[in-house]
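What's in target33.txt: compact mmCIF, C-alpha atoms
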```
# COMPACT_ATOMS: atom_id res chain seq x y z
CA MET L 10 0.00 0.00 0.00
CA ALA L 11 2.82 2.42 0.87
CA LEU L 12 4.50 1.73 -2.49
CA PHE L 13 1.20 2.30 -4.31
CA ASN L 14 0.82 5.66 -2.57
CA VAL L 15 4.34 6.68 -3.62
CA LEU L 16 3.54 5.83 -7.24
CA LYS L 17 0.44 8.04 -7.14
CA ARG L 18 2.31 11.09 -5.83
CA LYS L 19 2.86 14.09 -8.07
CA ASP L 20 6.24 15.22 -6.83
CA SER L 21 9.81 14.47 -7.87
CA PHE L 22 10.07 11.38 -5.66
CA GLY L 23 6.80 10.02 -7.00
CA TYR L 24 7.89 10.69 -10.58
CA MET L 25 11.14 8.80 -10.03
CA ALA L 26 9.18 5.88 -8.57
CA GLN L 27 6.79 5.89 -11.54
CA ILE L 28 9.61 5.91 -14.08
CA PHE L 29 11.47 3.21 -12.15
CA ALA L 30 8.36 1.00 -12.16
CA SER L 31 7.90 1.66 -15.87
CA ASN L 32 11.55 0.85 -16.56
CA VAL L 33 11.27 -2.43 -14.69
CA PHE L 34 8.18 -3.28 -16.74
CA ILE L 35 10.03 -2.42 -19.96
CA LEU L 36 12.96 -4.53 -18.79
CA VAL L 37 10.68 -7.52 -18.30
CA LEU L 38 9.10 -7.00 -21.73
CA ASN L 39 12.54 -6.71 -23.36
CA MET L 40 13.68 -9.88 -21.64
CA LEU L 41 10.63 -11.76 -22.93
CA THR L 42 11.06 -10.53 -26.50
CA GLY L 43 14.80 -11.16 -26.28
CA ILE L 44 14.26 -14.72 -25.09
CA ILE L 45 11.89 -15.44 -27.98
CA VAL L 46 14.27 -14.06 -30.58
CA ALA L 47 17.37 -15.65 -29.03
CA ARG L 48 15.82 -19.11 -28.75
CA TYR L 49 14.14 -19.19 -32.16
CA LEU L 50 16.92 -17.53 -34.16
CA GLY L 51 20.00 -18.76 -32.29
CA PRO L 52 23.19 -16.72 -31.73
CA GLU L 53 23.82 -16.14 -35.43
CA GLY L 54 20.24 -15.12 -36.22
CA ARG L 55 20.12 -12.89 -33.15
CA GLY L 56 23.26 -11.12 -34.30
CA GLU L 57 21.90 -10.68 -37.83
CA GLN L 58 18.65 -9.24 -36.53
CA ALA L 59 20.50 -6.74 -34.32
CA ALA L 60 22.58 -5.61 -37.29
CA MET L 61 19.36 -5.03 -39.26
CA ILE L 62 17.46 -2.92 -36.71
CA MET L 63 20.04 -0.89 -34.75
CA TRP L 64 20.56 1.83 -37.36
CA PRO L 65 17.36 3.95 -37.22
CA GLN L 66 17.76 4.69 -33.52
CA LEU L 67 21.53 5.06 -33.69
CA LEU L 68 21.52 7.45 -36.67
CA SER L 69 18.62 9.49 -35.28
CA TYR L 70 20.52 10.10 -32.04
CA VAL L 71 23.62 11.06 -34.00
CA VAL L 72 21.88 14.16 -35.44
CA THR L 73 19.94 15.43 -32.41
CA LEU L 74 22.06 18.61 -32.21
CA GLY L 75 21.34 18.53 -28.48
CA LEU L 76 17.63 19.28 -29.06
CA PRO L 77 16.22 16.99 -26.31
CA SER L 78 18.33 18.54 -23.53
CA SER L 79 17.78 22.03 -24.94
CA ILE L 80 13.99 21.61 -24.99
CA VAL L 81 13.89 20.42 -21.39
CA TYR L 82 16.17 23.23 -20.24
CA TYR L 83 14.30 26.10 -21.91
CA MET L 84 10.80 24.79 -21.25
CA LYS L 85 11.60 24.78 -17.54
CA GLN L 86 12.69 28.41 -17.62
CA LYS L 87 10.17 31.06 -16.50
CA GLY L 88 8.43 32.84 -19.34
CA SER L 89 9.46 30.32 -21.98
CA GLN L 90 7.39 30.01 -25.17
CA GLN L 91 6.77 26.29 -25.01
CA GLY L 92 4.65 26.13 -28.15
CA SER L 93 7.17 27.82 -30.41
CA LEU L 94 9.97 25.73 -28.90
CA TYR L 95 8.11 22.51 -29.77
CA VAL L 96 7.13 23.55 -33.29
CA ALA L 97 10.66 24.77 -34.02
CA SER L 98 12.04 21.44 -32.82
CA LEU L 99 9.67 19.56 -35.16
CA TRP L 100 10.94 21.32 -38.27
CA MET L 101 14.50 20.81 -37.15
CA CYS L 102 14.12 17.12 -36.32
CA PHE L 103 12.52 16.23 -39.67
CA THR L 104 15.23 18.12 -41.57
CA LEU L 105 18.01 16.49 -39.56
CA GLY L 106 16.36 13.10 -39.86
CA ILE L 107 16.26 13.25 -43.65
CA PHE L 108 19.96 14.21 -43.84
CA SER L 109 20.83 11.32 -41.51
CA MET L 110 18.77 8.90 -43.58
CA ILE L 111 20.57 9.88 -46.78
CA GLY L 112 23.96 9.60 -45.07
CA GLY L 113 23.10 6.13 -43.78
CA LEU L 114 22.30 4.91 -47.29
CA PHE L 115 25.86 5.71 -48.37
CA PHE L 116 27.86 3.90 -45.68
CA LEU L 117 25.55 1.08 -44.49
CA PRO L 118 25.94 -1.35 -47.44
CA GLU L 119 29.73 -1.25 -47.12
CA TRP L 120 29.68 -1.64 -43.32
CA MET L 121 27.37 -4.68 -43.53
CA LYS L 122 29.16 -6.31 -46.46
CA GLY L 123 29.58 -9.53 -44.45
CA TYR L 124 25.79 -10.03 -44.34
CA SER L 125 23.47 -11.37 -47.02
CA PRO L 126 22.11 -8.90 -49.63
CA GLY L 127 18.55 -9.35 -48.34
CA LYS L 128 19.49 -8.35 -44.81
CA VAL L 129 21.48 -5.35 -46.01
CA GLU L 130 18.52 -4.24 -48.14
CA PHE L 131 16.16 -4.53 -45.15
CA ALA L 132 18.51 -2.43 -43.01
CA CYS L 133 18.59 0.25 -45.71
CA TRP L 134 14.79 0.39 -45.98
CA ALA L 135 14.56 0.67 -42.18
CA LEU L 136 16.40 4.00 -42.39
CA ILE L 137 13.08 5.58 -43.41
CA LEU L 138 12.19 5.46 -39.72
CA ILE L 139 15.04 7.82 -38.70
CA PRO L 140 12.97 11.07 -38.76
CA PHE L 141 10.23 9.39 -36.73
CA SER L 142 12.73 8.00 -34.24
CA LEU L 143 14.13 11.50 -33.77
CA LEU L 144 10.58 12.84 -33.40
CA GLY L 145 9.99 10.30 -30.63
CA VAL L 146 13.03 11.60 -28.75
CA ILE L 147 11.71 15.17 -29.07
CA ASN L 148 8.24 14.14 -27.86
CA ASN L 149 9.70 12.41 -24.81
CA ALA L 150 11.73 15.51 -23.92
CA VAL L 151 8.61 17.71 -24.11
CA LEU L 152 6.61 15.33 -21.92
CA GLN L 153 9.42 15.37 -19.35
CA ALA L 154 9.48 19.16 -19.36
CA ARG L 155 5.69 19.24 -18.97
CA GLU L 156 5.98 16.65 -16.17
CA GLU L 157 3.48 14.38 -17.92
CA TYR L 158 5.25 11.32 -16.63
CA ARG L 159 2.30 8.95 -16.83
CA LEU L 160 1.95 9.50 -20.57
CA TYR L 161 5.74 9.53 -20.91
CA ASN L 162 5.88 6.08 -19.36
CA ARG L 163 2.99 4.69 -21.39
CA ILE L 164 4.38 5.65 -24.78
CA ARG L 165 7.71 4.07 -23.80
CA TYR L 166 6.36 0.65 -22.83
CA LEU L 167 3.46 0.34 -25.28
CA PRO L 168 5.73 -0.43 -28.30
CA ASN L 169 7.33 -3.24 -26.28
CA ILE L 170 3.93 -4.74 -25.53
CA ILE L 171 3.00 -4.65 -29.22
CA THR L 172 6.34 -6.22 -30.16
CA LEU L 173 5.80 -9.03 -27.66
CA VAL L 174 2.31 -9.72 -29.02
CA LEU L 175 3.57 -9.78 -32.61
CA LEU L 176 6.42 -12.15 -31.73
CA GLY L 177 3.98 -14.37 -29.87
CA LEU L 178 1.79 -14.59 -32.99
CA MET L 179 4.86 -15.48 -35.04
CA VAL L 180 5.72 -18.28 -32.64
CA VAL L 181 2.20 -19.68 -32.80
CA SER L 182 2.19 -19.53 -36.60
CA GLY L 183 5.75 -20.85 -36.90
CA GLN L 184 6.93 -17.76 -38.80
CA VAL L 185 9.80 -16.52 -36.62
CA ASN L 186 12.68 -15.29 -38.77
CA SER L 187 15.08 -12.35 -38.88
CA PHE L 188 12.90 -10.27 -41.20
CA TYR L 189 9.54 -10.65 -39.47
CA SER L 190 11.02 -10.27 -35.98
CA SER L 191 12.88 -7.13 -37.08
CA ALA L 192 9.62 -5.64 -38.36
CA ALA L 193 7.97 -6.48 -35.04
CA TYR L 194 10.60 -4.35 -33.26
CA LEU L 195 10.56 -1.41 -35.67
CA ALA L 196 6.91 -0.93 -36.66
CA PRO L 197 5.10 -0.25 -33.32
CA THR L 198 6.87 3.04 -32.58
CA LEU L 199 5.58 4.78 -35.72
CA PRO L 200 1.84 5.17 -34.90
CA ILE L 201 2.56 5.98 -31.24
CA THR L 202 5.05 8.70 -32.17
CA LEU L 203 2.64 10.29 -34.65
CA TRP L 204 -0.23 10.20 -32.13
CA THR L 205 1.92 11.93 -29.51
CA MET L 206 2.94 14.62 -31.99
CA ILE L 207 -0.69 15.30 -32.94
CA ARG L 208 -1.67 15.51 -29.27
CA LEU L 209 1.07 18.04 -28.50
CA LEU L 210 0.20 20.11 -31.58
CA ARG L 211 -3.40 20.28 -30.38
CA ILE L 212 -2.10 21.69 -27.10
CA TYR L 213 0.32 24.19 -28.64
CA SER L 214 -1.03 24.70 -32.21
CA ILE L 215 1.30 24.54 -35.19
CA LYS L 216 0.78 28.26 -35.83
CA GLN L 217 3.37 29.79 -33.53
CA LYS L 218 5.16 33.09 -33.46
CA ASP L 219 8.85 33.48 -32.68
CA ILE L 220 9.76 30.13 -34.23
CA ILE L 221 13.03 31.55 -35.57
CA ALA L 222 13.92 32.98 -32.15
CA SER L 223 13.05 29.65 -30.51
CA SER L 224 15.18 27.82 -33.06
CA LYS L 225 18.14 30.03 -32.21
CA GLN L 226 17.61 29.35 -28.50
CA LEU L 227 17.48 25.60 -29.06
CA VAL L 228 20.61 25.65 -31.20
CA GLN L 229 22.57 27.87 -28.79
CA TYR L 230 22.14 25.49 -25.87
CA GLY L 231 21.88 22.39 -28.03
CA ILE L 232 25.22 22.85 -29.77
CA ARG L 233 26.94 22.97 -26.38
CA SER L 234 25.19 19.81 -25.20
CA TYR L 235 25.22 18.12 -28.62
CA GLY L 236 28.61 16.65 -27.99
CA THR L 237 27.14 14.98 -24.92
CA ASP L 238 24.27 13.46 -26.90
CA LEU L 239 26.47 12.44 -29.81
CA ALA L 240 29.29 11.00 -27.74
CA GLY L 241 26.80 9.34 -25.39
CA THR L 242 24.95 7.70 -28.28
CA LEU L 243 28.14 6.58 -30.00
CA SER L 244 29.54 5.32 -26.69
CA TYR L 245 26.34 3.32 -26.16
CA TYR L 246 26.48 1.77 -29.63
CA ILE L 247 30.20 1.82 -30.47
CA ASP L 248 30.82 -1.66 -29.12
CA GLN L 249 27.91 -3.13 -31.11
CA VAL L 250 28.86 -1.26 -34.29
CA LEU L 251 32.51 -2.32 -34.09
CA VAL L 252 31.63 -5.92 -33.21
CA VAL L 253 29.47 -6.01 -36.35
CA GLY L 254 32.60 -5.25 -38.37
CA LEU L 255 35.16 -7.17 -36.30
CA LEU L 256 33.43 -10.44 -35.37
CA SER L 257 30.88 -12.91 -36.71
CA PRO L 258 27.07 -12.57 -36.38
CA ALA L 259 27.11 -15.43 -33.85
CA SER L 260 29.60 -13.57 -31.62
CA LEU L 261 27.48 -10.44 -31.92
CA GLY L 262 24.40 -12.42 -30.87
CA ILE L 263 26.12 -13.77 -27.74
CA TYR L 264 27.52 -10.33 -26.90
CA LEU L 265 24.08 -8.68 -27.22
CA VAL L 266 22.45 -11.18 -24.87
CA ALA L 267 25.09 -10.37 -22.23
CA LEU L 268 24.72 -6.65 -22.91
CA SER L 269 20.92 -6.70 -22.63
CA LEU L 270 21.13 -8.35 -19.21
CA ALA L 271 23.81 -5.91 -18.03
CA LYS L 272 21.67 -2.97 -19.11
CA MET L 273 19.15 -3.95 -16.43
CA LEU L 274 21.00 -1.45 -14.26
CA ASP L 275 19.86 1.33 -16.57
CA VAL L 276 16.40 1.14 -15.00
CA ILE L 277 17.85 2.92 -11.96
CA GLN L 278 19.94 5.53 -13.74
CA SER L 279 17.36 6.41 -16.39
CA SER L 280 14.62 6.70 -13.76
CA VAL L 281 16.74 9.12 -11.77
CA VAL L 282 18.01 11.23 -14.67
CA SER L 283 14.57 11.54 -16.32
CA VAL L 284 13.40 13.50 -13.27
CA LEU L 285 16.68 14.91 -11.95
CA PHE L 286 17.57 17.02 -15.01
CA PRO L 287 14.18 18.81 -15.33
CA GLN L 288 13.99 19.34 -11.56
CA ALA L 289 17.55 20.63 -11.21
CA SER L 290 17.19 22.91 -14.24
CA GLY L 291 14.66 24.98 -12.34
CA LEU L 292 16.94 25.53 -9.31
CA GLN L 293 19.78 27.87 -8.44
CA ARG L 294 23.31 26.57 -9.02
CA GLU L 295 24.10 25.57 -5.43
CA GLU L 296 20.71 23.92 -4.98
CA ALA L 297 21.05 22.03 -8.26
CA ILE L 298 24.47 20.64 -7.25
CA ARG L 299 23.21 19.62 -3.80
CA LEU L 300 20.25 17.86 -5.40
CA THR L 301 22.51 16.06 -7.89
CA LEU L 302 24.90 14.83 -5.20
CA LYS L 303 22.10 13.65 -2.95
CA VAL L 304 20.42 11.70 -5.74
CA TYR L 305 23.78 10.30 -6.89
CA ARG L 306 24.65 8.98 -3.41
CA ILE L 307 21.29 7.30 -2.91
CA SER L 308 21.11 5.82 -6.41
CA MET L 309 24.65 4.44 -6.07
CA VAL L 310 23.74 2.48 -2.94
CA ILE L 311 20.72 1.00 -4.71
CA THR L 312 22.84 0.24 -7.79
CA LEU L 313 25.57 -1.55 -5.81
CA VAL L 314 23.01 -3.78 -4.09
CA PHE L 315 21.47 -4.54 -7.46
CA VAL L 316 24.89 -5.32 -8.99
CA ALA L 317 25.69 -7.85 -6.27
CA ALA L 318 22.33 -9.57 -6.79
CA VAL L 319 22.49 -9.82 -10.58
CA ILE L 320 26.13 -11.00 -10.63
CA LEU L 321 25.12 -13.91 -8.40
CA LEU L 322 21.80 -14.80 -10.02
CA ALA L 323 21.81 -13.64 -13.63
CA PRO L 324 24.31 -16.23 -15.00
CA TYR L 325 22.00 -19.06 -13.92
CA ALA L 326 18.97 -17.24 -15.24
CA LEU L 327 20.78 -16.67 -18.54
CA LEU L 328 21.20 -20.39 -19.18
CA ILE L 329 17.64 -21.18 -18.12
CA LEU L 330 16.05 -18.45 -20.21
CA TYR L 331 18.26 -18.32 -23.29
CA GLY L 332 19.69 -21.84 -23.43
CA HIS L 333 23.17 -23.36 -23.31
CA SER L 334 24.09 -22.00 -26.72
CA TYR L 335 24.58 -18.66 -24.93
CA GLU L 336 26.85 -20.01 -22.18
CA GLY L 337 29.69 -17.89 -23.55
CA ALA L 338 27.77 -14.77 -22.52
CA ILE L 339 28.24 -15.38 -18.77
CA PRO L 340 31.81 -14.03 -18.30
CA VAL L 341 31.03 -11.17 -20.69
CA PHE L 342 27.94 -10.28 -18.65
CA ARG L 343 29.88 -10.07 -15.37
CA VAL L 344 32.24 -7.49 -16.85
CA LEU L 345 29.50 -5.53 -18.60
CA VAL L 346 27.33 -5.21 -15.50
CA LEU L 347 30.21 -3.55 -13.63
CA SER L 348 30.83 -1.26 -16.58
CA THR L 349 27.15 -0.25 -16.69
CA ALA L 350 27.10 0.55 -12.97
CA VAL L 351 30.16 2.82 -13.18
CA ALA L 352 28.88 4.58 -16.32
CA SER L 353 25.49 5.16 -14.66
CA ALA L 354 27.14 6.89 -11.71
CA THR L 355 29.09 9.17 -14.05
CA TRP L 356 26.00 10.16 -16.04
CA THR L 357 24.02 10.92 -12.89
CA LEU L 358 26.75 13.29 -11.69
CA SER L 359 26.86 14.88 -15.15
CA GLN L 360 23.32 16.17 -14.65
CA GLY L 361 24.71 18.76 -12.24
CA TYR L 362 26.59 20.37 -15.12
CA MET L 363 23.70 19.96 -17.56
CA ALA L 364 21.28 21.71 -15.20
CA THR L 365 23.61 24.64 -14.40
CA ASP L 366 24.13 25.70 -18.02
CA LYS L 367 27.51 23.99 -18.31
CA PRO L 368 26.79 21.12 -20.70
CA GLY L 369 30.30 21.41 -22.09
CA ARG L 370 31.72 19.53 -19.10
CA ALA L 371 29.38 16.61 -19.68
CA THR L 372 30.22 16.75 -23.38
CA LEU L 373 33.94 16.53 -22.64
CA LEU L 374 33.42 13.42 -20.54
CA LYS L 375 31.26 11.75 -23.18
CA VAL L 376 33.77 12.53 -25.95
CA LEU L 377 36.62 11.10 -23.88
CA SER L 378 34.53 8.02 -23.15
CA LEU L 379 33.79 7.56 -26.85
CA PHE L 380 37.46 7.94 -27.79
CA MET L 381 38.57 5.46 -25.13
CA ASN L 382 35.85 2.94 -26.06
CA ALA L 383 36.82 3.00 -29.73
CA LEU L 384 40.54 2.78 -28.93
CA PHE L 385 40.30 -0.03 -26.39
CA ILE L 386 37.82 -2.08 -28.43
CA ASN L 387 40.07 -1.97 -31.49
CA ILE L 388 43.03 -3.00 -29.32
CA PHE L 389 41.45 -5.76 -27.22
CA THR L 390 38.64 -7.24 -29.34
CA PRO L 391 40.71 -8.66 -32.25
CA HIS L 392 42.87 -10.58 -29.75
CA MET L 393 40.36 -11.41 -26.98
CA GLY L 394 37.01 -11.54 -28.81
CA ILE L 395 33.82 -10.31 -27.16
CA ILE L 396 35.31 -10.43 -23.65
CA GLY L 397 37.85 -7.90 -24.91
CA ALA L 398 35.02 -5.56 -25.93
CA ALA L 399 33.54 -5.90 -22.45
CA TYR L 400 36.85 -5.10 -20.72
CA SER L 401 37.23 -2.09 -23.01
CA LEU L 402 33.94 -0.62 -21.80
CA LEU L 403 34.79 -1.27 -18.14
CA LEU L 404 38.20 0.41 -18.37
CA SER L 405 36.75 3.43 -20.18
CA ALA L 406 33.87 3.79 -17.69
CA PHE L 407 36.23 3.68 -14.70
CA ILE L 408 38.55 6.36 -16.12
CA ASN L 409 35.57 8.58 -16.92
CA PHE L 410 34.18 8.18 -13.40
CA LEU L 411 37.48 9.28 -11.86
CA LEU L 412 37.53 12.32 -14.15
CA ILE L 413 34.10 13.58 -13.11
CA LEU L 414 34.96 13.11 -9.44
CA PHE L 415 38.05 15.23 -10.03
CA LEU L 416 36.04 17.92 -11.84
CA TYR L 417 33.50 18.16 -9.01
CA SER L 418 36.24 18.30 -6.39
CA TYR L 419 38.39 20.84 -8.24
CA GLU L 420 35.75 23.21 -9.65
CA MET L 421 33.27 23.12 -6.77
CA LYS L 422 35.77 22.71 -3.93
CA LEU L 423 33.99 19.64 -2.63
CA LYS L 424 35.40 17.22 -0.11
CA TRP L 425 35.63 13.57 -1.12
CA SER L 426 33.17 12.75 1.64
CA SER L 427 30.50 14.54 -0.45
CA PHE L 428 30.40 11.51 -2.75
CA PHE L 429 29.70 8.95 -0.03
CA TYR L 430 26.33 7.96 1.36
CA ASN L 431 25.66 9.47 4.80
CA LYS L 432 23.16 9.47 7.61
CA GLU L 433 21.36 12.57 6.31
CA ASP L 434 20.59 10.77 3.04
CA TRP L 435 18.93 7.94 4.97
CA ILE L 436 16.88 10.41 7.02
CA TRP L 437 15.79 12.21 3.87
CA MET L 438 14.78 8.91 2.25
CA LYS L 439 12.59 8.00 5.20
CA GLU L 440 10.96 11.44 5.19
CA MET L 441 10.24 11.20 1.47
CA LEU L 442 8.71 7.74 1.84
CA ARG L 443 6.45 8.98 4.63
CA ASN L 444 5.38 12.05 2.72
CA ARG L 445 2.13 11.46 0.84
CA GLY L 446 0.68 14.86 0.32
CA ARG L 447 3.47 17.35 -0.20
CA ARG L 448 3.07 19.47 -3.25
CA HIS L 449 5.58 19.39 -6.08
CA LYS L 450 7.14 22.74 -5.28
CA GLU L 451 7.62 21.91 -1.62
CA SER L 452 9.17 18.58 -2.57
CA SER L 453 11.70 20.24 -4.85
CA GLU L 454 12.71 22.68 -2.14
CA ALA L 455 13.09 19.89 0.39
CA ILE L 456 15.28 17.81 -1.93
CA SER L 457 17.54 20.67 -2.93
CA GLY L 458 18.00 21.62 0.70
```
Using structure tokens, write down the structure that the file contains.
Amino acid sequence: MALFNVLKRKDSFGYMAQIFASNVFILVLNMLTGIIVARYLGPEGRGEQAAMIMWPQLLSYVVTLGLPSSIVYYMKQKGSQQGSLYVASLWMCFTLGIFSMIGGLFFLPEWMKGYSPGKVEFACWALILIPFSLLGVINNAVLQAREEYRLYNRIRYLPNIITLVLLGLMVVSGQVNSFYSSAAYLAPTLPITLWTMIRLLRIYSIKQKDIIASSKQLVQYGIRSYGTDLAGTLSYYIDQVLVVGLLSPASLGIYLVALSLAKMLDVIQSSVVSVLFPQASGLQREEAIRLTLKVYRISMVITLVFVAAVILLAPYALLILYGHSYEGAIPVFRVLVLSTAVASATWTLSQGYMATDKPGRATLLKVLSLFMNALFINIFTPHMGIIGAAYSLLLSAFINFLLILFLYSYEMKLKWSSFFYNKEDWIWMKEMLRNRGRRHKESSEAISG
């Protein structure tokens, strides 16, 4: 009952709980769809399918120009013209999406030359979805800024439900293959994204003044945070992209199963950041930093407990759920789960810079992470295989974490004890759990204090 009351609350703590619950639900759905695909396609088929469907999302994130972060930041500012900001972002995202789609058509056939012509052709046709994938990112940013977290959660998990249903129908009809399963992953997002856009346009109206001024605002902040988005996206996908070119489809399939399990930790970090950035953006600098540190310390404790549990239990679950053909994923998973935990801590701390109009610091860290990932993967993977790719990510994440701790300590004159969980954090947690009726504004003030 207490948990249910927390989920119903309309304050920052309640929003985090709602997003966390939604992320766990999405995780379960992804595990179910992943199990179906892994078992029916095998390691090689799983790798081929991943190579066919990863590009629309990857290439849409590459051309964001920092728009998602910029929208959240400016929509949370007093006196902002939310309607013109949204409409301006629509024109920009469709233009950027088309350029990205054309660029993808040039390099993709060469990059996937080790795959059959039919699979390469499917991947090229899937690039049509890039503008709509970018539109979905914009819509999510607007819903976060508007604090419509219930709708935000629903449009994130609904495509996964549809994908699961479609895969289930394929299993029943005996029609599970790389092409049909890829379509089941790609198609559901299109109608949901368009519906969300129409809903927001009804709220704001497409006829907006000051669109040019809003576009300039978005670009001014976005360019400074774009490096963060770009490097973050490439860092997230660089291992998969390079493994596509360096190793066989079967190795890619095993690696992706380990990676999907390791990414379970993202349910904590993404839940926190989805609320932390909008909340901190509306605070003064000192309050925003205090809020970021408090949330970082608490989320790290939860993450470490979760890491210990999944390292012990997940390897056994992996064999039961995916089968013994994926036994090689166990050692890779253990390394990747540690890498994910360290990277999550770094990104949570980065929100302090994002919310205080210093996205360049976060961009620097992401760029360094990308460079290190690419360097280490090309050094270790040819000699060590997929475990080398996993060690590359862990080493890069650890170096990046040390760098952000140094930046906080040097620039903000913080003691190292500021990064460790303390008694006050526990007291605050208990107070937040007991609080059932505090208004959103009061909650924000309590957290930042």
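Between atom CA of Gly332 of chain L and atom CA of Asp248 of chain L the separation is 23.7 Å.
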Quiz prompt | Residue list as an MDAnalysis selection string for point (7.6, 0.5, -22.2), cut-off 6 Å, all atoms listed in the file | solution = chainID L and resid 35 165:167 169
Exercise. Have a look at atom CA of Ser334 of chain L and atom CA of Ala47 of chain L and let me know their distance in Å, one decimal.
Key: 9.5 Å
Exercise. Find the spatial neighbours of Ala267 of chain L, counting all atoms listed in the file, within a cut-off of 9 Å - ignore same-chain residues fewer than 3 positions away - and output them as a list in words.
Key: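 So, after excluding close chain neighbours, the residues are Gly262, Ile263, Tyr264, Leu270, Ala271, Lys272, Leu327, Tyr335, Gly337, Ala338, Ile339, Pro340, Val341, Phe342, Arg343, Leu345 and Val346 of chain L.
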Quiz item: What lies within 9 Å of Ser269 of chain L using only C-alpha atoms, ignoring chain neighbours under 6 positions off, as a list in words?
Solution: Asn39, Met40, Gly43 and Phe342 of chain L
Edge lengths and centre in Å to one decimal, as JSON, is what I'm after for the box along x, y and z that holds all listed atoms of segment 221-236 of chain L once 4 Å is added on each side.
```
{"center_x": 20.8, "center_y": 24.8, "center_z": -30.4, "size_x": 23.6, "size_y": 24.3, "size_z": 18.4}
```
Quiz prompt | Point (38.1, 6.2, -14.5), cut-off 12 Å, counting all atoms listed in the file, residues as a VMD selection string | solution = chain L and resid 348 351 to 352 354 to 355 374 377 to 378 381 401 to 415
Exercise. State, in Å with one decimal place, the distance from atom CA of Leu143 of chain L to atom CA of Thr42 of chain L.
Key: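 Separation of atom CA of Leu143 of chain L and atom CA of Thr42 of chain L: 23.4 Å.
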Self-check item: Exercise: Ala398 of chain L partners within 10 Å, all atoms listed in the file, chain neighbours under 2 positions left out, as a ChimeraX atom specification
Solution: /L:247-249,251-252,264,341,344-345,382-383,385-391,393-396,400-403
Practice problem: Kindly indicate which residue among L:Phe429, L:Tyr235, L:Trp204, L:Tyr161 lies nearest to Gln27 of chain L, using all atoms listed in the file for the distances. | Solution: L:Tyr161
Practice problem: Would you mind telling me which residue in L:Ile164, L:Met421, L:Ile436, L:Val81 lies nearest to Met363 of chain L when using all atoms listed in the file? | Solution: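 Comparing L:Ile164, L:Met421, L:Ile436, L:Val81 against Met363 of chain L, the winner is L:Val81.
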Quiz item: When distances are computed from all atoms listed in the file, which of L:Val96, L:Leu209, L:Leu50, L:Leu358 shows the smallest separation from Thr301 of chain L?
Solution: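 Under the stated criterion, the closest residue is L:Leu358.
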